[in-house]
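Structure first, commentary second.
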Amino acid sequence: MRMKELKISDTGHLNIDIMELKGTFAIVVCDGKAKIAELPTFGETKIITHQGKVKRVKFDEGEEF
């Protein structure tokens, strides 16, 4: 799986050390859960919602010719 679960503390805080992450990332938060995914070098990342909640995240990648 591309998306990795992020831990949210009991007080509701999300702590991320952005200096240890390499590349470009997207963080998605919904219903008290948080997930992180690395974005593709060439492509699209779509966040699909339904009734105000995140339903799925779709990745469409390409490559430069």
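Residue numbering restarts at 1 in every chain; chains get A, B, ... in the order shown in the structure tokens, and ligands count up from 1 in that same order.
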
Item to complete: Name all residues at most 12 Å from A:Thr49 (count only C-alpha atoms; drop same-chain ones fewer than 4 positions away) and give them as a ChimeraX atom specification.
Response: /A:28-30,53-58

Practice prompt. Measure the distance from atom CA of A:Ile48 to atom CA of A:Gly23 in Å and round it to one decimal.
Written response: 22.8 Å

Fill in: Residue neighbourhood A:Glu44, 12 Å, only C-alpha atoms, exclusion window fewer than 5 positions, as a list in words
Ala26, Glu38, Leu39, Val57, Lys58, Phe59, Asp60, Glu61, Gly62 and Glu63 of chain A

Can I get the selected residues back with N, CA, C and O atoms, as a PDB file, in the first residue's frame?
ATOM      1  N   ALA A  26       1.616  13.964   0.501  1.00  0.00           N
ATOM      2  CA  ALA A  26       0.285  14.484   0.792  1.00  0.00           C
ATOM      3  C   ALA A  26      -0.193  13.814   2.075  1.00  0.00           C
ATOM      4  O   ALA A  26      -0.014  12.612   2.255  1.00  0.00           O
ATOM      5  N   GLU A  38       3.417   9.327  -0.563  1.00  0.00           N
ATOM      6  CA  GLU A  38       4.373  10.027  -1.408  1.00  0.00           C
ATOM      7  C   GLU A  38       3.731  10.274  -2.763  1.00  0.00           C
ATOM      8  O   GLU A  38       3.083   9.392  -3.327  1.00  0.00           O
ATOM      9  N   LEU A  39       3.884  11.484  -3.274  1.00  0.00           N
ATOM     10  CA  LEU A  39       3.297  11.834  -4.566  1.00  0.00           C
ATOM     11  C   LEU A  39       4.214  11.372  -5.690  1.00  0.00           C
ATOM     12  O   LEU A  39       5.436  11.410  -5.556  1.00  0.00           O
ATOM     13  N   VAL A  57      -8.147   7.202  -2.463  1.00  0.00           N
ATOM     14  CA  VAL A  57      -7.115   8.036  -3.076  1.00  0.00           C
ATOM     15  C   VAL A  57      -6.599   7.258  -4.277  1.00  0.00           C
ATOM     16  O   VAL A  57      -6.192   6.111  -4.154  1.00  0.00           O
ATOM     17  N   LYS A  58      -6.652   7.886  -5.474  1.00  0.00           N
ATOM     18  CA  LYS A  58      -6.248   7.215  -6.710  1.00  0.00           C
ATOM     19  C   LYS A  58      -4.974   7.858  -7.248  1.00  0.00           C
ATOM     20  O   LYS A  58      -4.841   9.074  -7.254  1.00  0.00           O
ATOM     21  N   PHE A  59      -4.054   7.014  -7.688  1.00  0.00           N
ATOM     22  CA  PHE A  59      -2.789   7.464  -8.254  1.00  0.00           C
ATOM     23  C   PHE A  59      -2.774   7.121  -9.739  1.00  0.00           C
ATOM     24  O   PHE A  59      -3.058   6.003 -10.126  1.00  0.00           O
ATOM     25  N   ASP A  60      -2.434   8.109 -10.573  1.00  0.00           N
ATOM     26  CA  ASP A  60      -2.290   7.916 -12.006  1.00  0.00           C
ATOM     27  C   ASP A  60      -0.910   8.427 -12.381  1.00  0.00           C
ATOM     28  O   ASP A  60      -0.665   9.626 -12.351  1.00  0.00           O
ATOM     29  N   GLU A  61      -0.010   7.499 -12.711  1.00  0.00           N
ATOM     30  CA  GLU A  61       1.374   7.877 -12.965  1.00  0.00           C
ATOM     31  C   GLU A  61       1.731   7.820 -14.442  1.00  0.00           C
ATOM     32  O   GLU A  61       1.128   7.071 -15.188  1.00  0.00           O
ATOM     33  N   GLY A  62       2.723   8.582 -14.800  1.00  0.00           N
ATOM     34  CA  GLY A  62       3.245   8.580 -16.145  1.00  0.00           C
ATOM     35  C   GLY A  62       4.756   8.686 -16.091  1.00  0.00           C
ATOM     36  O   GLY A  62       5.355   8.733 -15.027  1.00  0.00           O
ATOM     37  N   GLU A  63       5.355   8.737 -17.260  1.00  0.00           N
ATOM     38  CA  GLU A  63       6.813   8.849 -17.319  1.00  0.00           C
ATOM     39  C   GLU A  63       7.165   9.746 -18.492  1.00  0.00           C
ATOM     40  O   GLU A  63       6.565   9.647 -19.569  1.00  0.00           O
TER      41      GLU A  63
END

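Our summary of the geometry notes that atom CA of A:Glu5 is positioned 7.7 Å from atom CA of A:Lys33.
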
Discussion item. I need the residues of chain A that end up classed as strand (DSSP E or B) by DSSP on the backbone, written out as a PyMOL selection string.
Written reply: chain A and resi 4-6+8+14+25-30+33-38+43-50+53-61

Next, dump the selected residues to file, keeping only N, CA and C atoms, as a CSV table (one decimal), in the first residue's frame.
chain,number,residue,atom,x,y,z
A,4,LYS,N,0.4,5.3,4.2
A,4,LYS,CA,0.8,4.8,5.5
A,4,LYS,C,0.1,5.5,6.6
A,5,GLU,N,-0.4,4.8,7.6
A,5,GLU,CA,-1.1,5.4,8.7
A,5,GLU,C,-0.2,6.2,9.6
A,6,LEU,N,-0.7,7.4,10.0
A,6,LEU,CA,0.1,8.3,10.9
A,6,LEU,C,-0.6,8.2,12.3
A,8,ILE,N,-2.0,9.5,15.7
A,8,ILE,CA,-2.5,10.7,16.3
A,8,ILE,C,-2.6,10.4,17.8
A,14,LEU,N,-1.1,15.6,15.8
A,14,LEU,CA,-0.4,14.9,14.8
A,14,LEU,C,1.0,15.5,14.7
A,25,PHE,N,5.0,14.9,-0.4
A,25,PHE,CA,4.0,14.0,0.3
A,25,PHE,C,2.7,14.8,0.4
A,26,ALA,N,1.6,14.0,0.5
A,26,ALA,CA,0.3,14.5,0.8
A,26,ALA,C,-0.2,13.8,2.1
A,27,ILE,N,-0.8,14.6,3.0
A,27,ILE,CA,-1.4,14.1,4.2
A,27,ILE,C,-2.9,14.3,4.1
A,28,VAL,N,-3.6,13.2,4.3
A,28,VAL,CA,-5.1,13.2,4.2
A,28,VAL,C,-5.6,12.8,5.6
A,29,VAL,N,-6.5,13.7,6.1
A,29,VAL,CA,-7.1,13.5,7.4
A,29,VAL,C,-8.6,13.4,7.3
A,30,CYS,N,-9.2,12.3,7.9
A,30,CYS,CA,-10.6,12.1,7.8
A,30,CYS,C,-11.1,11.2,9.0
A,33,LYS,N,-8.6,9.9,11.6
A,33,LYS,CA,-7.5,9.1,11.0
A,33,LYS,C,-6.7,9.9,10.1
A,34,ALA,N,-5.4,9.7,10.1
A,34,ALA,CA,-4.5,10.4,9.2
A,34,ALA,C,-3.6,9.5,8.4
A,35,LYS,N,-3.4,9.7,7.1
A,35,LYS,CA,-2.5,8.9,6.3
A,35,LYS,C,-1.6,9.8,5.5
A,36,ILE,N,-0.4,9.3,5.2
A,36,ILE,CA,0.5,10.0,4.4
A,36,ILE,C,0.9,9.2,3.1
A,37,ALA,N,1.0,9.8,2.0
A,37,ALA,CA,1.4,9.1,0.8
A,37,ALA,C,2.4,10.0,0.0
A,38,GLU,N,3.4,9.3,-0.6
A,38,GLU,CA,4.4,10.0,-1.4
A,38,GLU,C,3.7,10.3,-2.8
A,43,GLY,N,2.6,12.6,-12.6
A,43,GLY,CA,1.3,11.9,-12.5
A,43,GLY,C,0.3,12.8,-11.7
A,44,GLU,N,-0.8,12.2,-11.5
A,44,GLU,CA,-1.9,12.8,-10.7
A,44,GLU,C,-2.3,12.0,-9.5
A,45,THR,N,-2.7,12.6,-8.5
A,45,THR,CA,-3.2,12.0,-7.3
A,45,THR,C,-4.6,12.6,-7.0
A,46,LYS,N,-5.6,11.8,-7.0
A,46,LYS,CA,-6.9,12.3,-6.8
A,46,LYS,C,-7.5,11.8,-5.5
A,47,ILE,N,-8.1,12.7,-4.7
A,47,ILE,CA,-8.7,12.3,-3.5
A,47,ILE,C,-10.2,12.3,-3.7
A,48,ILE,N,-10.8,11.1,-3.6
A,48,ILE,CA,-12.2,11.0,-3.9
A,48,ILE,C,-13.0,11.0,-2.6
A,49,THR,N,-14.0,11.9,-2.6
A,49,THR,CA,-14.8,12.0,-1.4
A,49,THR,C,-16.3,11.6,-1.7
A,50,HIS,N,-17.0,11.2,-0.6
A,50,HIS,CA,-18.4,10.9,-0.8
A,50,HIS,C,-19.0,11.3,0.6
A,53,LYS,N,-16.7,12.7,3.3
A,53,LYS,CA,-15.7,11.8,3.8
A,53,LYS,C,-14.8,11.3,2.7
A,54,VAL,N,-13.5,11.0,3.0
A,54,VAL,CA,-12.6,10.5,2.0
A,54,VAL,C,-13.0,9.0,1.7
A,55,LYS,N,-13.2,8.8,0.5
A,55,LYS,CA,-13.6,7.4,0.1
A,55,LYS,C,-12.4,6.6,-0.4
A,56,ARG,N,-11.5,7.3,-1.2
A,56,ARG,CA,-10.3,6.6,-1.7
A,56,ARG,C,-9.4,7.6,-2.3
A,57,VAL,N,-8.1,7.2,-2.5
A,57,VAL,CA,-7.1,8.0,-3.1
A,57,VAL,C,-6.6,7.3,-4.3
A,58,LYS,N,-6.7,7.9,-5.5
A,58,LYS,CA,-6.2,7.2,-6.7
A,58,LYS,C,-5.0,7.9,-7.2
A,59,PHE,N,-4.1,7.0,-7.7
A,59,PHE,CA,-2.8,7.5,-8.3
A,59,PHE,C,-2.8,7.1,-9.7
A,60,ASP,N,-2.4,8.1,-10.6
A,60,ASP,CA,-2.3,7.9,-12.0
A,60,ASP,C,-0.9,8.4,-12.4
A,61,GLU,N,0.0,7.5,-12.7
A,61,GLU,CA,1.4,7.9,-13.0
A,61,GLU,C,1.7,7.8,-14.4

Worksheet item: Quick one: distance from atom CA of A:Lys7 to atom CA of A:Pro40 in Å, one decimal?
Response: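 Taking atom CA of A:Lys7 and atom CA of A:Pro40, their separation equals 23.2 Å.
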
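If only C-alpha atoms are the atoms counted, then among A:Gln51, A:Met3, A:Asp10, A:Ile16 the closest residue to A:Gly32 is A:Asp10.
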